[in-house]
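See below for coords_16.csv, which holds CSV, C-alpha atoms and all ligand atoms.
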chain,number,residue,atom,x,y,z
A,191,MET,CA,0.0,0.0,0.0
A,192,THR,CA,1.3,3.5,-0.7
A,193,SER,CA,2.3,5.4,2.3
A,194,ALA,CA,0.2,8.2,3.8
A,195,ALA,CA,2.9,10.7,2.9
A,196,THR,CA,3.0,9.7,-0.8
A,197,THR,CA,-0.8,9.8,-1.1
A,198,HIS,CA,-0.8,13.1,0.8
A,199,ARG,CA,1.3,14.7,-1.9
A,200,ASP,CA,-1.0,13.4,-4.6
A,201,VAL,CA,-4.2,14.4,-2.9
A,202,HIS,CA,-3.3,17.7,-1.1
A,203,GLY,CA,-0.7,18.9,-3.6
A,204,SER,CA,2.4,19.1,-1.3
A,205,ALA,CA,4.4,17.0,1.1
A,206,PRO,CA,2.9,16.7,4.6
A,207,GLU,CA,4.7,18.7,7.3
A,208,GLY,CA,4.8,15.6,9.4
A,209,VAL,CA,3.6,12.1,9.9
A,210,TRP,CA,2.2,10.7,13.2
A,211,SER,CA,0.8,7.3,14.2
A,212,ALA,CA,-1.1,5.7,17.0
A,213,PRO,CA,-1.7,2.0,17.7
A,214,GLY,CA,-4.8,-0.2,18.0
A,215,ARG,CA,-5.1,-2.2,21.3
A,216,VAL,CA,-6.2,-5.4,22.7
A,217,ASN,CA,-7.4,-5.4,26.3
A,218,LEU,CA,-5.9,-8.4,28.1
A,219,ILE,CA,-8.6,-8.3,30.8
A,220,GLY,CA,-10.8,-5.8,32.5
A,221,GLU,CA,-13.7,-5.4,30.1
A,222,HIS,CA,-16.6,-2.9,30.5
A,223,THR,CA,-14.8,-1.7,33.7
A,224,ASP,CA,-13.5,1.6,32.4
A,225,TYR,CA,-16.8,3.5,32.6
A,226,ASN,CA,-17.3,2.0,36.1
A,227,GLY,CA,-14.2,3.6,37.5
A,228,GLY,CA,-12.5,0.2,37.4
A,229,LEU,CA,-9.3,-1.4,36.3
A,230,ALA,CA,-8.3,-2.5,32.7
A,231,LEU,CA,-5.1,-4.0,31.3
A,232,PRO,CA,-4.6,-3.2,27.6
A,233,ILE,CA,-1.6,-3.6,25.4
A,234,ALA,CA,-0.9,-1.5,22.3
A,235,LEU,CA,-0.9,-3.4,19.1
A,236,PRO,CA,2.0,-3.4,16.6
A,237,GLN,CA,-0.7,-2.4,14.0
A,238,ARG,CA,-1.0,1.4,13.8
A,239,THR,CA,-3.1,4.2,12.2
A,240,THR,CA,-1.0,6.8,10.4
A,241,ALA,CA,-1.8,10.5,9.8
A,242,ALA,CA,0.2,12.6,7.4
A,243,ALA,CA,-0.7,16.2,8.0
A,244,SER,CA,-0.1,19.8,7.2
A,245,PRO,CA,-1.6,22.9,9.0
A,246,ARG,CA,-3.9,25.3,7.3
A,247,THR,CA,-4.4,28.9,8.1
A,248,ASP,CA,-8.2,28.7,7.7
A,249,ASP,CA,-10.7,26.4,9.6
A,250,LEU,CA,-11.1,23.8,6.9
A,251,LEU,CA,-10.4,20.2,7.6
A,252,ARG,CA,-9.6,18.2,4.4
A,253,VAL,CA,-9.1,14.6,5.3
A,254,HIS,CA,-8.4,11.8,2.9
A,255,SER,CA,-8.6,8.0,3.7
A,256,VAL,CA,-6.2,5.8,1.8
A,257,GLN,CA,-8.5,2.8,2.7
A,258,THR,CA,-11.7,4.2,1.1
A,259,SER,CA,-10.1,6.7,-1.3
A,260,GLU,CA,-12.5,9.3,0.0
A,261,THR,CA,-11.8,12.9,0.7
A,262,VAL,CA,-14.1,14.7,3.2
A,263,GLU,CA,-14.1,18.4,3.8
A,264,VAL,CA,-15.4,19.8,7.1
A,265,ASP,CA,-15.6,23.4,8.2
A,266,LEU,CA,-14.5,23.2,11.8
A,267,GLY,CA,-17.2,25.8,12.7
A,268,THR,CA,-19.9,23.2,11.9
A,269,VAL,CA,-18.5,20.4,14.1
A,270,GLY,CA,-20.7,19.4,17.1
A,271,PRO,CA,-22.8,16.5,18.4
A,272,GLY,CA,-23.7,14.2,15.5
A,273,SER,CA,-21.8,16.4,12.9
A,274,PRO,CA,-20.1,15.4,10.7
A,275,ALA,CA,-21.4,11.8,10.4
A,276,GLY,CA,-19.3,8.7,9.6
A,277,TRP,CA,-15.6,8.3,10.1
A,278,ALA,CA,-14.8,12.0,9.6
A,279,ALA,CA,-16.4,12.5,13.1
A,280,TYR,CA,-13.4,10.9,14.7
A,281,VAL,CA,-11.0,13.3,12.9
A,282,ALA,CA,-13.0,16.5,13.1
A,283,GLY,CA,-14.2,15.6,16.6
A,284,VAL,CA,-10.6,15.7,18.0
A,285,LEU,CA,-9.9,19.1,16.5
A,286,TRP,CA,-13.2,20.3,17.9
A,287,ALA,CA,-12.4,18.9,21.4
A,288,LEU,CA,-9.0,20.5,21.4
A,289,ARG,CA,-10.5,23.8,20.4
A,290,GLU,CA,-13.1,23.4,23.2
A,291,ASP,CA,-10.1,23.0,25.6
A,292,GLY,CA,-8.8,26.4,24.4
A,293,HIS,CA,-6.0,25.1,22.1
A,294,PRO,CA,-5.1,27.2,19.1
A,295,VAL,CA,-6.1,24.6,16.5
A,296,ARG,CA,-6.9,25.6,12.9
A,297,GLY,CA,-7.8,23.5,9.8
A,298,MET,CA,-5.6,20.8,8.5
A,299,ASP,CA,-4.9,18.7,5.4
A,300,VAL,CA,-4.7,15.1,6.6
A,301,THR,CA,-4.2,11.8,4.9
A,302,VAL,CA,-4.9,8.7,7.0
A,303,THR,CA,-4.1,5.1,6.5
A,304,SER,CA,-4.6,2.2,8.9
A,305,GLU,CA,-3.2,-1.3,9.6
A,306,VAL,CA,-5.7,-1.7,12.4
A,307,PRO,CA,-8.6,-3.7,11.0
A,308,LEU,CA,-11.8,-1.5,11.1
A,309,GLY,CA,-14.7,-2.6,13.2
A,310,ALA,CA,-12.8,-5.6,14.6
A,311,GLY,CA,-13.0,-4.4,18.2
A,312,LEU,CA,-9.3,-3.5,18.1
A,313,SER,CA,-9.9,0.3,18.6
A,314,SER,CA,-9.4,1.5,15.1
A,315,SER,CA,-11.4,4.6,16.1
A,316,ALA,CA,-9.2,5.4,19.1
A,317,ALA,CA,-6.1,4.9,16.9
A,318,LEU,CA,-7.5,7.3,14.3
A,319,GLU,CA,-8.4,9.9,17.0
A,320,CYS,CA,-5.1,9.6,18.7
A,321,ALA,CA,-3.0,9.8,15.5
A,322,VAL,CA,-4.9,12.9,14.4
A,323,GLY,CA,-4.6,14.4,17.9
A,324,ALA,CA,-0.9,13.7,17.9
A,325,ALA,CA,-0.7,15.5,14.5
A,326,ALA,CA,-2.7,18.5,15.7
A,327,SER,CA,-0.4,18.7,18.8
A,328,GLY,CA,2.7,18.7,16.6
A,329,LEU,CA,1.4,21.1,13.9
A,330,PHE,CA,0.0,23.7,16.4
A,331,GLY,CA,2.7,23.4,19.0
A,332,LEU,CA,0.4,22.0,21.8
A,333,ASP,CA,3.0,19.6,23.2
A,334,LEU,CA,0.5,17.0,24.1
A,335,LEU,CA,2.9,14.1,23.6
A,336,GLY,CA,5.5,15.5,25.9
A,337,ASP,CA,4.8,13.5,29.1
A,338,ASP,CA,2.1,11.2,30.4
A,339,ASP,CA,0.1,14.1,32.0
A,340,ALA,CA,-0.1,15.8,28.6
A,341,ARG,CA,-0.8,12.5,26.9
A,342,SER,CA,-3.7,11.9,29.3
A,343,ARG,CA,-5.1,15.3,28.5
A,344,LEU,CA,-5.0,14.4,24.8
A,345,ALA,CA,-6.7,11.1,25.6
A,346,THR,CA,-9.5,13.0,27.3
A,347,ALA,CA,-10.0,15.2,24.2
A,348,CYS,CA,-10.1,12.1,22.0
A,349,VAL,CA,-12.8,10.6,24.3
A,350,ARG,CA,-14.9,13.7,24.0
A,351,ALA,CA,-14.6,13.5,20.3
A,352,GLU,CA,-15.9,9.9,20.4
A,353,ASN,CA,-18.6,10.5,23.1
A,354,GLU,CA,-19.9,13.9,21.9
A,355,VAL,CA,-19.3,14.1,18.2
A,356,ALA,CA,-19.3,10.5,17.1
A,357,GLY,CA,-22.0,9.6,19.6
A,358,ALA,CA,-20.4,6.4,21.1
A,359,ALA,CA,-20.7,6.4,24.9
A,360,THR,CA,-17.3,4.6,25.3
A,361,GLY,CA,-15.2,4.8,28.4
A,362,GLY,CA,-11.7,5.9,27.6
A,363,MET,CA,-9.6,2.8,27.9
A,364,ASP,CA,-8.8,2.7,24.2
A,365,GLN,CA,-7.5,6.3,24.0
A,366,SER,CA,-5.4,5.8,27.1
A,367,ALA,CA,-4.0,2.6,25.7
A,368,ALA,CA,-3.1,4.3,22.4
A,369,LEU,CA,-1.4,7.2,24.2
A,370,LEU,CA,0.2,5.7,27.3
A,371,CYS,CA,1.1,2.0,26.6
A,372,ARG,CA,4.8,1.1,26.4
A,373,PRO,CA,6.5,-1.6,24.2
A,374,GLY,CA,6.8,-4.9,26.0
A,375,SER,CA,4.3,-3.9,28.8
A,376,ALA,CA,0.6,-4.0,29.5
A,377,LEU,CA,-0.9,-0.8,30.9
A,378,LEU,CA,-2.6,-1.2,34.3
A,379,LEU,CA,-5.1,1.6,34.1
A,380,ASP,CA,-7.1,2.7,37.1
A,381,CYS,CA,-10.1,4.5,35.6
A,382,ARG,CA,-11.2,6.0,38.9
A,383,ASP,CA,-8.2,8.3,39.3
A,384,GLY,CA,-6.3,7.8,36.0
A,385,ALA,CA,-3.3,6.2,37.7
A,386,THR,CA,-1.2,3.9,35.5
A,387,GLU,CA,1.4,1.2,36.0
A,388,HIS,CA,3.4,-0.7,33.4
A,389,VAL,CA,3.3,-4.4,33.8
A,390,PRO,CA,5.9,-6.4,31.9
A,391,PHE,CA,4.2,-8.5,29.2
A,392,ASP,CA,6.6,-10.5,27.2
A,393,LEU,CA,5.3,-14.0,26.3
A,394,GLU,CA,8.3,-14.9,24.2
A,395,ALA,CA,10.5,-16.0,27.0
A,396,ALA,CA,7.7,-18.3,28.3
A,397,GLY,CA,7.3,-19.9,24.9
A,398,MET,CA,3.8,-18.4,24.5
A,399,VAL,CA,2.0,-16.2,22.0
A,400,LEU,CA,-1.1,-14.0,22.2
A,401,LEU,CA,-3.3,-15.0,19.3
A,402,VAL,CA,-5.9,-12.6,18.1
A,403,THR,CA,-8.9,-13.8,16.1
A,404,ASP,CA,-10.9,-11.1,14.3
A,405,THR,CA,-14.2,-13.0,13.9
A,406,ARG,CA,-15.5,-10.5,11.3
A,407,ALA,CA,-18.8,-10.5,13.1
A,408,SER,CA,-20.1,-7.0,13.0
A,409,HIS,CA,-19.3,-4.7,15.8
A,410,ALA,CA,-20.5,-1.2,16.4
A,411,LEU,CA,-20.5,0.8,19.7
A,412,ASN,CA,-23.0,3.4,18.7
A,413,ASP,CA,-25.9,1.1,18.0
A,414,GLY,CA,-27.4,1.4,21.5
A,415,GLN,CA,-26.4,-1.9,23.2
A,416,TYR,CA,-23.1,-0.6,24.6
A,417,GLU,CA,-24.8,2.5,26.0
A,418,LYS,CA,-27.5,0.3,27.5
A,419,ARG,CA,-24.9,-1.6,29.5
A,420,ARG,CA,-23.4,1.6,30.7
A,421,ARG,CA,-26.7,3.0,31.8
A,422,ALA,CA,-27.5,-0.2,33.6
A,423,CYS,CA,-24.3,0.1,35.6
A,424,GLU,CA,-25.2,3.7,36.5
A,425,ALA,CA,-28.6,2.6,37.6
A,426,ALA,CA,-27.1,-0.2,39.8
A,427,ALA,CA,-24.6,2.2,41.4
A,428,ALA,CA,-27.5,4.6,42.1
A,429,GLU,CA,-29.6,1.8,43.8
A,430,LEU,CA,-26.5,0.9,45.9
A,431,GLY,CA,-25.9,4.5,46.8
A,432,VAL,CA,-22.3,4.6,45.4
A,433,ALA,CA,-20.7,6.8,42.9
A,434,SER,CA,-19.7,3.9,40.6
A,435,LEU,CA,-19.6,0.1,40.8
A,436,ARG,CA,-15.9,0.4,41.6
A,437,GLU,CA,-17.0,1.3,45.1
A,438,VAL,CA,-18.6,-2.1,45.6
A,439,ASP,CA,-16.3,-4.2,47.9
A,440,PRO,CA,-15.9,-7.7,46.3
A,441,ALA,CA,-16.2,-9.2,49.7
A,442,GLY,CA,-19.6,-7.7,50.0
A,443,LEU,CA,-20.8,-8.5,46.5
A,444,ASP,CA,-23.5,-11.0,47.4
A,445,ALA,CA,-25.0,-8.6,49.9
A,446,ALA,CA,-24.9,-5.8,47.4
A,447,ILE,CA,-26.5,-7.9,44.7
A,448,ASP,CA,-29.3,-8.8,47.0
A,449,ARG,CA,-30.2,-5.2,47.3
A,450,LEU,CA,-30.6,-4.6,43.6
A,451,SER,CA,-34.1,-4.4,42.1
A,452,THR,CA,-33.8,-6.5,38.9
A,453,ASP,CA,-32.0,-9.6,37.7
A,454,GLU,CA,-30.4,-7.6,34.9
A,455,LEU,CA,-28.8,-5.2,37.3
A,456,ARG,CA,-27.7,-8.1,39.5
A,457,ARG,CA,-25.9,-9.8,36.7
A,458,ARG,CA,-24.3,-6.6,35.3
A,459,THR,CA,-23.0,-5.7,38.7
A,460,ARG,CA,-21.6,-9.2,39.3
A,461,HIS,CA,-19.7,-9.0,36.1
A,462,VAL,CA,-18.2,-5.6,36.8
A,463,VAL,CA,-17.1,-6.3,40.3
A,464,THR,CA,-15.7,-9.7,39.6
A,465,GLU,CA,-13.9,-8.4,36.5
A,466,ILE,CA,-12.2,-5.7,38.4
A,467,GLU,CA,-11.0,-8.3,40.8
A,468,ARG,CA,-9.8,-10.5,37.9
A,469,VAL,CA,-7.6,-7.6,36.7
A,470,ARG,CA,-5.9,-7.5,40.1
A,471,GLN,CA,-5.4,-11.2,40.0
A,472,ALA,CA,-4.1,-11.2,36.4
A,473,VAL,CA,-1.5,-8.5,37.2
A,474,ALA,CA,-0.3,-10.6,40.2
A,475,ALA,CA,-0.1,-13.7,38.0
A,476,LEU,CA,1.8,-11.9,35.3
A,477,ARG,CA,4.3,-10.6,37.9
A,478,ALA,CA,4.7,-14.1,39.2
A,479,ASP,CA,5.1,-15.5,35.6
A,480,ASP,CA,2.0,-17.7,36.3
A,481,LEU,CA,0.5,-17.8,32.8
A,482,ASP,CA,-1.7,-20.8,33.6
A,483,GLU,CA,-3.5,-18.5,36.1
A,484,VAL,CA,-3.7,-15.8,33.5
A,485,GLY,CA,-5.3,-18.3,31.1
A,486,ARG,CA,-7.8,-19.3,33.7
A,487,LEU,CA,-8.7,-15.7,34.4
A,488,PHE,CA,-9.2,-15.1,30.6
A,489,THR,CA,-11.7,-18.0,30.5
A,490,ALA,CA,-13.5,-16.8,33.6
A,491,SER,CA,-13.7,-13.3,32.2
A,492,HIS,CA,-15.2,-14.6,29.0
A,493,ALA,CA,-17.8,-16.6,30.8
A,494,SER,CA,-18.8,-13.5,32.8
A,495,LEU,CA,-19.0,-11.3,29.7
A,496,ARG,CA,-21.1,-14.0,28.0
A,497,ASP,CA,-23.5,-15.0,30.8
A,498,ASP,CA,-23.7,-12.0,33.1
A,499,TYR,CA,-22.9,-9.0,30.9
A,500,GLU,CA,-24.4,-10.5,27.7
A,501,VAL,CA,-22.0,-8.8,25.2
A,502,SER,CA,-20.6,-11.9,23.5
A,503,CYS,CA,-22.0,-13.6,20.4
A,504,ASP,CA,-21.8,-17.0,18.8
A,505,GLU,CA,-18.7,-16.2,16.7
A,506,LEU,CA,-16.8,-15.1,19.8
A,507,ASP,CA,-17.9,-18.1,21.9
A,508,VAL,CA,-16.9,-20.5,19.1
A,509,ALA,CA,-13.5,-18.9,18.6
A,510,VAL,CA,-12.9,-19.0,22.4
A,511,GLU,CA,-13.9,-22.7,22.6
A,512,ALA,CA,-12.0,-23.8,19.5
A,513,ALA,CA,-8.8,-22.1,20.7
A,514,GLU,CA,-9.1,-23.7,24.2
A,515,GLY,CA,-9.8,-27.1,22.6
A,516,ALA,CA,-6.6,-26.7,20.6
A,517,GLY,CA,-4.4,-26.0,23.7
A,518,ALA,CA,-4.9,-22.4,24.6
A,519,LEU,CA,-4.4,-21.8,28.3
A,520,GLY,CA,-7.4,-19.5,28.2
A,521,ALA,CA,-9.2,-17.2,25.7
A,522,ARG,CA,-11.7,-14.4,25.9
A,523,MET,CA,-13.5,-11.8,23.8
A,524,THR,CA,-11.6,-8.4,23.9
A,525,GLY,CA,-13.1,-5.0,23.6
A,526,GLY,CA,-16.7,-4.0,23.7
A,527,GLY,CA,-18.1,-7.2,22.3
A,528,PHE,CA,-21.2,-7.9,20.1
A,529,GLY,CA,-18.7,-9.2,17.5
A,530,GLY,CA,-15.1,-8.1,17.1
A,531,SER,CA,-12.1,-10.1,18.2
A,532,CYS,CA,-11.1,-12.7,20.7
A,533,ILE,CA,-7.6,-13.3,22.2
A,534,ALA,CA,-6.1,-16.6,23.3
A,535,LEU,CA,-3.0,-17.3,25.3
A,536,VAL,CA,-1.4,-20.2,23.4
A,537,PRO,CA,1.8,-22.2,23.7
A,538,ARG,CA,3.9,-21.2,20.7
A,539,ASP,CA,4.0,-24.8,19.4
A,540,SER,CA,0.2,-25.0,19.5
A,541,ALA,CA,-0.4,-21.7,17.7
A,542,ASP,CA,-0.9,-23.3,14.2
A,543,ASP,CA,-3.2,-25.9,15.6
A,544,ALA,CA,-5.3,-23.2,17.3
A,545,VAL,CA,-5.6,-21.2,14.1
A,546,THR,CA,-6.6,-24.4,12.2
A,547,ALA,CA,-9.2,-25.3,14.9
A,548,VAL,CA,-10.7,-21.8,14.9
A,549,ARG,CA,-11.0,-21.7,11.1
A,550,ALA,CA,-12.4,-25.2,11.0
A,551,ALA,CA,-15.0,-24.3,13.6
A,552,PHE,CA,-16.1,-21.3,11.6
A,553,GLY,CA,-16.0,-23.3,8.3
A,554,ALA,CA,-18.3,-26.0,9.8
A,555,ARG,CA,-20.9,-23.3,10.6
A,556,GLY,CA,-20.7,-21.7,7.2
A,557,TRP,CA,-19.2,-18.5,8.6
A,558,GLU,CA,-16.8,-16.2,6.8
A,559,GLU,CA,-13.1,-17.2,7.5
A,560,PRO,CA,-11.8,-15.3,10.5
A,561,THR,CA,-8.5,-13.5,10.5
A,562,CYS,CA,-5.9,-14.9,13.0
A,563,PHE,CA,-2.6,-13.2,13.9
A,564,THR,CA,-0.3,-13.0,16.9
A,565,VAL,CA,0.6,-9.8,18.5
A,566,THR,CA,3.2,-8.4,20.9
A,567,ALA,CA,2.9,-5.2,23.0
A,568,GLY,CA,3.7,-2.2,20.9
A,569,GLY,CA,4.4,1.5,21.6
A,570,PRO,CA,2.2,4.5,22.0
A,571,ALA,CA,1.3,7.4,19.7
A,572,ALA,CA,4.4,9.1,18.3
A,573,ARG,CA,5.7,11.3,15.6
A,574,ASP,CA,7.2,9.1,12.8
A,575,ALA,CA,8.6,11.7,10.4
A,601,LIG,C1,-14.9,-0.4,24.0
A,601,LIG,C2,-14.8,1.0,24.6
A,601,LIG,C3,-14.0,1.0,25.8
A,601,LIG,C4,-14.4,-0.1,26.8
A,601,LIG,C5,-14.5,-1.5,26.1
A,601,LIG,C6,-15.0,-2.6,26.9
A,601,LIG,O1,-13.6,-0.8,23.5
A,601,LIG,O2,-14.3,1.9,23.7
A,601,LIG,O3,-14.1,2.3,26.5
A,601,LIG,O4,-15.5,0.2,27.5
A,601,LIG,O5,-15.3,-1.4,24.9
A,601,LIG,O6,-14.1,-2.9,27.9

For this file, produce the structure as structure tokens.
Ligand code: GLA
Amino acid sequence: MTSAATTHRDVHGSAPEGVWSAPGRVNLIGEHTDYNGGLALPIALPQRTTAAASPRTDDLLRVHSVQTSETVEVDLGTVGPGSPAGWAAYVAGVLWALREDGHPVRGMDVTVTSEVPLGAGLSSSAALECAVGAAASGLFGLDLLGDDDARSRLATACVRAENEVAGAATGGMDQSAALLCRPGSALLLDCRDGATEHVPFDLEAAGMVLLVTDTRASHALNDGQYEKRRRACEAAAAELGVASLREVDPAGLDAAIDRLSTDELRRRTRHVVTEIERVRQAVAALRADDLDEVGRLFTASHASLRDDYEVSCDELDVAVEAAEGAGALGARMTGGGFGGSCIALVPRDSADDAVTAVRAAFGARGWEEPTCFTVTAGGPAARDA
């Protein structure tokens, strides 16, 4: 594929002033916890979204996608909730949010290209937002990549773009992962106070791989189901009289659940509280090099997401079961669910068998062949050129 910089020259008529990129992510564990003030443990993917960009002196955003060969023009003065529609919302929304924060952002000529598969639950939207945010920071001298505090502020602007302009009520883990992860480590993210820790995540030495299966089952976070889960958690917290489900003590979970008014709220709460606890346990297991335990926690997380949180789907369940049947220590859906991708912790020698098993299971059901690939923990958003 031609690079973003080459295409930029063709589309916009001159070389870009710079090139920035940001990664997709997989979350190792801690799903649907971020908007509950909980813990999550993502890694950045080696796959990245790249933005070649030049500043403009007016308020026009001209953004070209190498993937779709589309060029969209947006007057920044017209950006707001629901406008523009489509993928341009993720680009224009970031510039809008930065301006809302008082940053001196003007229009830009941008060319984007992505190695992060779209709609696969691997945070292609956050990668796009963060690549564009990094570009705006560089072009307008905002210094938002300088240190982790500045990066967190940029993450917040990207979340606003997604929540307020694109209309997806997502929680912020993905943008934090794209901006704060470090190569070779998972990011332990405390979404109550924004604290982070880097937990070494190098499976190579242990003879293991992390296998991602993009099920190709459709996945969208602004179709209502994701938001419904979020509102249920808020309702449960309100019934329990706490600010968020993070405040529910795992030791008192049964008693808390007994006080909730509906079975739906009881199950949603049980998932969130036990999932936050599983993140703590997974971090301890990783630090102790106990990958068997990490695998067990993956499997328990998947069951909780499937049965209590009800965000899995047949394709994810089949991918998880097939990987486990072929020797994975554990497997789970990753990301928001309702389609998207699953991850499996697999001994390196069994990786081919796991891929064959997942493909065969899909083939037997007449489903489209899934995409399987292994990943390692990559680096955060950065200037490339
Ligand atoms: C999506 C959202 C995140 C998070 C996950 C589920 O990826 O963007 O904020 O809620 O789903 O853990």

Legend entry - From A:Leu334, A:Ala279, A:Ala359, A:Leu435, residue lying nearest ligand LIG 601 (chain A) [only C-alpha atoms and all ligand atoms]: A:Ala359

Please list as a PDB file with C-alpha atoms, in the frame of the given file every residue within 12 Å of Lys418 (chain A), counting only C-alpha atoms and excluding residues in the same chain fewer than 5 positions away.
ATOM      1  CA  HIS A 222     -16.600  -2.900  30.500  1.00  0.00           C
ATOM      2  CA  ALA A 358     -20.400   6.400  21.100  1.00  0.00           C
ATOM      3  CA  ALA A 359     -20.700   6.400  24.900  1.00  0.00           C
ATOM      4  CA  THR A 360     -17.300   4.600  25.300  1.00  0.00           C
ATOM      5  CA  LEU A 411     -20.500   0.800  19.700  1.00  0.00           C
ATOM      6  CA  ASN A 412     -23.000   3.400  18.700  1.00  0.00           C
ATOM      7  CA  ASP A 413     -25.900   1.100  18.000  1.00  0.00           C
ATOM      8  CA  CYS A 423     -24.300   0.100  35.600  1.00  0.00           C
ATOM      9  CA  GLU A 424     -25.200   3.700  36.500  1.00  0.00           C
ATOM     10  CA  ALA A 425     -28.600   2.600  37.600  1.00  0.00           C
ATOM     11  CA  GLU A 454     -30.400  -7.600  34.900  1.00  0.00           C
ATOM     12  CA  LEU A 455     -28.800  -5.200  37.300  1.00  0.00           C
ATOM     13  CA  ARG A 458     -24.300  -6.600  35.300  1.00  0.00           C
ATOM     14  CA  TYR A 499     -22.900  -9.000  30.900  1.00  0.00           C
ATOM     15  CA  GLU A 500     -24.400 -10.500  27.700  1.00  0.00           C
ATOM     16  CA  VAL A 501     -22.000  -8.800  25.200  1.00  0.00           C
TER      17      VAL A 501
END

Inset, instruction - Considering all atoms listed in the file, state which residue in the set A:Ala340, A:Ala490, A:Val216, A:Leu481 is at the smallest distance from ligand LIG 601 (chain A). - result: A:Val216

Legend entry - Expected answer as a ChimeraX atom specification: residues within 7 Å of ligand LIG 601 (chain A), all atoms listed in the file: /A:220-225,311,313,360-364,525-527

Legend entry - Distance query Asp480 (chain A) at most 12 Å, all atoms listed in the file, self and fewer than 5 positions along chain excluded, as a list of chain:residue names: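 Neighbouring residues, sequence-local ones excluded: A:Phe391, A:Leu393, A:Ala396, A:Met398, A:Gln471, A:Ala472, A:Val473, A:Ala474, A:Ala475, A:Gly485, A:Arg486, A:Leu487, A:Leu519.
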
Report, as lines of an AutoDock Vina configuration file, the centre and edge lengths in Å (one decimal) of the axis-aligned box enclosing every listed atom of region 229-235 of chain A, padded by 4 Å on each side.
center_x = -5.1
center_y = -2.7
center_z = 27.7
size_x = 16.4
size_y = 10.6
size_z = 25.2

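Picture a line from CA of Ser315 (chain A) to CA of Ala541 (chain A); it runs 28.6 Å.
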
Inset, instruction - May I ask which of the residues A:Leu369, A:Ala567, A:Ala345, A:Val209 is the closest one to Ile233 (chain A), counting all atoms listed in the file? - result: A:Ala567

Mind rebuilding region 238-249 of chain A with N, CA and C atoms and writing that out as a tab-separated table (two decimals), in the coordinates of the input?
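Result file follows (selection06.tsv):
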chain	number	residue	atom	x	y	z
A	238	ARG	N	-0.85	-0.01	13.47
A	238	ARG	CA	-1.00	1.40	13.80
A	238	ARG	C	-1.84	2.12	12.70
A	239	THR	N	-2.41	3.25	13.09
A	239	THR	CA	-3.10	4.20	12.20
A	239	THR	C	-2.15	5.36	11.98
A	240	THR	N	-1.92	5.75	10.74
A	240	THR	CA	-1.00	6.80	10.40
A	240	THR	C	-1.69	8.02	9.87
A	241	ALA	N	-1.28	9.20	10.33
A	241	ALA	CA	-1.80	10.50	9.80
A	241	ALA	C	-0.70	11.34	9.30
A	242	ALA	N	-0.67	11.57	8.00
A	242	ALA	CA	0.20	12.60	7.40
A	242	ALA	C	-0.55	13.88	7.42
A	243	ALA	N	0.09	14.97	7.81
A	243	ALA	CA	-0.70	16.20	8.00
A	243	ALA	C	0.09	17.46	7.77
A	244	SER	N	-0.62	18.49	7.32
A	244	SER	CA	-0.10	19.80	7.20
A	244	SER	C	-1.10	20.81	7.80
A	245	PRO	N	-0.62	21.91	8.41
A	245	PRO	CA	-1.60	22.90	9.00
A	245	PRO	C	-2.15	23.75	7.89
A	246	ARG	N	-3.33	24.28	8.12
A	246	ARG	CA	-3.90	25.30	7.30
A	246	ARG	C	-4.09	26.57	8.07
A	247	THR	N	-4.28	27.68	7.37
A	247	THR	CA	-4.40	28.90	8.10
A	247	THR	C	-5.93	29.29	8.21
A	248	ASP	N	-6.81	28.46	7.58
A	248	ASP	CA	-8.20	28.70	7.70
A	248	ASP	C	-8.82	27.57	8.63
A	249	ASP	N	-10.13	27.44	8.67
A	249	ASP	CA	-10.70	26.40	9.60
A	249	ASP	C	-11.28	25.24	8.79
